[in-house]
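Here the structure comes first, spelled out in C-alpha cells, and everything after it is commentary.
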Amino acid sequence: MVDDKEKNMKCLTFFLMLPETVKNRSKKGSKKANSGGGGGGGSSSSSSSGSGSKLPPVCYEIITLKTKKKKKMAADIFPRKKPASSSSTTVQQHHQHNLCNNNLIPAPNWQGLYPTIRERYIYCDEIDLAADTVLATLYAAKKYIVPHLARACVNFLETSLSAKNACVLLSQSCLFEEPDLTQRCWEVIDAQAELALKSEGFCDIDFQTLESILRRETLNAKEIVVFEAALNWAEVECQRQDLALSIENKRKVLGKALYLIRIPTMALDDFANGAAQSGVLTLNETNDIFLWYTASKKPELQFVSKARKGLVPQRCHRFQSCAYRSNQWRYRGRCDSIQFAVDKRVFIAGFGLYGSSCGSAEYSAKIELKRQGVVLGQNLSKYFSDGSSNTFPVWFEYPVQIEPDTFYTASVVLDGNELSYFGQEGMTEVQCGKVTVQFQCSSDSTNGTGVQGGQIPELIFYA
C-alpha cells in the first residue's frame, strides 16, 4: 500500500513534469487536425481562423491516485473575489492587445489573468499541506504561476511560524519574494531572538541571511547569545564546505560578518569569560576591547560599539483604579488568575504586579502562562516593592508567543507577609496601540482575582 505522503509526493512530481509533456502532445494533436481537415473547404478555414483569438485548446489532465476522501477543486476552496465578467473583460483586453500586435500566441504568464485554478486548465486534489512538503509546493506554485495555491502555502507557513523555524523561513521568504511572510518572520525573530538564535534552524541559513540577522537593530537578545549563535553557524558551515573544524576556519567562514557582532556592548563578565577566551578574536582585538571597557581614552574598533535598540515592551493595564484595605490583598499560597485573548499575534514577556500597601516589602512570585491547560511558560522570581501603588514587572525567561482569537490563562502565586494593593473597576476590553485585548474570569483563580478586581493588573508584551 502507498501511504498518503508518498501519494502527495508522486502527484507533486507529476505536476512539475506536466507542462512540457502536455505542450508536446497538444502540438502533435493540432498538426493532425490541420492536415486531416484540409479538404473541408470554407468551413474548415473559418474554424481555423476563429480559433486564433482564443487560448490554445489544451486540456491538462492530471492522473491522481484514488483516495477515499471527497475531492474538492481549489476554486471551491478559494472563491474568486471579483465577478466573472471582470475576469472575462481582462482576458479579452489581453487577447485584443495581442491581436493589435499581430501576435496570436498568449504571453507565457497568461495563467495570471485568471483568478481561479479551474480557469487555468490546472486541476488538483484537495489542498492538504504538511510541514515537510509545503516549501516544495510553494516552489511549484510560484514556478507555474498558481497564486491561489501559493497564498495557501504562505498562510500555512505563517500559522506554523515559531522561533524554531523563523530563521529558515526568513531565508525562504526572501527567495520566494514573499514580503508579508518576511515581515512575520522578523516579528518572531525580534521578539524571541534568543530562542531563534539557539534553534537548529539558525545553523541552516545562508550567509546573506546570517548577515541580515547579525545586522538587525531590534534583536531582543544579549550580545553573548548572538556571538555564540554565530560560532555555532560557523561550525556547521565548515562542515558544509568540508573544512576542518578549527578556530581559523570558523573565522574564515564568518568573514566580515564577525564585525557585525557588537562585542564591545557585552557585559564585561560575558566578554571576559566568553568571547575573549573563544580563540576567534586576535590578541590585538582582545586587548583593544578590554581597553574599550576600562580606559578613558578608548581605541578605535572594527566592531560595532553601539548597543542594539531591541524592542520596547508595551503594557496593557486592565484596571481604572487601585486601592488597599486593612485585610486585602492577602497571599497564602493561593492562585490569582485571569484569562485574556488578543486580536493579533503578540509575545507576552511578563506581568505587572501590585506590591505592598504597608511600606517596602519583597515578594516571591511564580508566574505561569497556559493555553487549554498546557503550560507555555513559567518562571519563579522575586521582586521588591517600594510601598507605592505602582506596578512591578516580573518576567518570563523567554517571551511567549500568543496567537490571536484564543483565550490564554495568566496566573501568579505570590508569597509575602505584607498586604498589597489591588485593582478595581476592571475592563473587559482594552485597546493597546494596534492590539485589542479581551479579559474574562478564570476558574483557576482561587484568591479572588477576576475581571472587576484583584491582581495581575498588567500584561507586558511585544507586538
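All residue names refer to the C-alpha cells as shown: chains lettered A, B, ... in order, residues numbered from 1 in each chain, ligands numbered from 1 in order.
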Long-range neighbours of Gln424 in chain A as a ChimeraX atom specification, 12 Å cut-off, only C-alpha atoms, 4 positions minimum in chain:
/A:317-324,329,448-457
As a PDB file with C-alpha atoms, in the first residue's frame, please: every residue in range 199-240 of chain A that a backbone DSSP assignment puts in alpha helix (DSSP H).
```
ATOM      1  CA  PHE A 207      25.449  33.696   4.620  1.00  0.00           C
ATOM      2  CA  GLN A 208      23.328  36.597   3.365  1.00  0.00           C
ATOM      3  CA  THR A 209      20.562  35.811   5.863  1.00  0.00           C
ATOM      4  CA  LEU A 210      23.166  35.463   8.619  1.00  0.00           C
ATOM      5  CA  GLU A 211      24.439  38.964   7.867  1.00  0.00           C
ATOM      6  CA  SER A 212      20.925  40.441   7.883  1.00  0.00           C
ATOM      7  CA  ILE A 213      20.191  38.909  11.305  1.00  0.00           C
ATOM      8  CA  LEU A 214      23.516  39.988  12.834  1.00  0.00           C
ATOM      9  CA  GLU A 223      25.092  40.046  22.658  1.00  0.00           C
ATOM     10  CA  ILE A 224      26.843  36.987  24.107  1.00  0.00           C
ATOM     11  CA  VAL A 225      23.932  34.888  22.758  1.00  0.00           C
ATOM     12  CA  VAL A 226      24.415  36.454  19.315  1.00  0.00           C
ATOM     13  CA  PHE A 227      28.150  35.680  19.483  1.00  0.00           C
ATOM     14  CA  GLU A 228      27.625  32.038  20.466  1.00  0.00           C
ATOM     15  CA  ALA A 229      24.986  31.576  17.739  1.00  0.00           C
ATOM     16  CA  ALA A 230      27.403  32.902  15.112  1.00  0.00           C
ATOM     17  CA  LEU A 231      30.057  30.407  16.241  1.00  0.00           C
ATOM     18  CA  ASN A 232      27.526  27.565  16.039  1.00  0.00           C
ATOM     19  CA  TRP A 233      26.633  28.616  12.498  1.00  0.00           C
ATOM     20  CA  ALA A 234      30.333  28.791  11.586  1.00  0.00           C
ATOM     21  CA  GLU A 235      30.892  25.227  12.815  1.00  0.00           C
ATOM     22  CA  VAL A 236      28.094  23.859  10.622  1.00  0.00           C
ATOM     23  CA  GLU A 237      29.273  25.965   7.682  1.00  0.00           C
ATOM     24  CA  CYS A 238      32.738  24.423   7.972  1.00  0.00           C
ATOM     25  CA  GLN A 239      31.109  21.012   7.645  1.00  0.00           C
ATOM     26  CA  ARG A 240      29.139  22.154   4.596  1.00  0.00           C
TER      27      ARG A 240
END
```
Please list as a ChimeraX atom specification every residue within 6 Å of Gly310 in chain A, counting only C-alpha atoms and excluding residues in the same chain fewer than 3 positions away.
/A:218-220
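Distances here use only C-alpha atoms; by that measure, the residue among A:Ser381, A:Thr436, A:Leu161, A:Leu281 closest to Gln183 in chain A is A:Leu161.
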Test item: residues at most 6 Å from Ser364 in chain A, only C-alpha atoms, excluding those fewer than 3 positions along its chain, as a list of chain:residue names:
A:Ser381, A:Lys382, A:Leu414, A:Asp415
Please write the residues from the selection above to a file, keeping N, CA, C and O atoms, as a compact mmCIF listing (two decimals), in the first residue's frame.
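Result file selection.txt:
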```
# COMPACT_ATOMS: atom_id res chain seq x y z
N SER A 381 10.55 33.98 40.49
CA SER A 381 11.48 35.07 40.77
C SER A 381 10.98 35.89 41.95
O SER A 381 9.89 35.65 42.49
N LYS A 382 11.77 36.86 42.34
CA LYS A 382 11.41 37.76 43.44
C LYS A 382 11.39 39.19 42.92
O LYS A 382 12.11 39.54 41.97
N LEU A 414 1.69 34.35 44.71
CA LEU A 414 2.59 35.24 45.44
C LEU A 414 2.78 34.75 46.87
O LEU A 414 1.87 34.18 47.48
N ASP A 415 3.97 35.00 47.37
CA ASP A 415 4.28 34.64 48.75
C ASP A 415 4.92 35.86 49.42
O ASP A 415 6.01 36.29 49.01
```
Which residues in range 314-382 of chain A does DSSP call strand (DSSP E)? List them as a PyMOL selection string.
chain A and resi 314-317+319-323+335-342+346-354+361-371+374-382
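The two atoms in question, CA of Gln372 in chain A and CA of Asp336 in chain A, are spaced 17.1 Å apart.
Distance-wise, CA of Phe422 in chain A and CA of Phe340 in chain A end up 18.5 Å apart.
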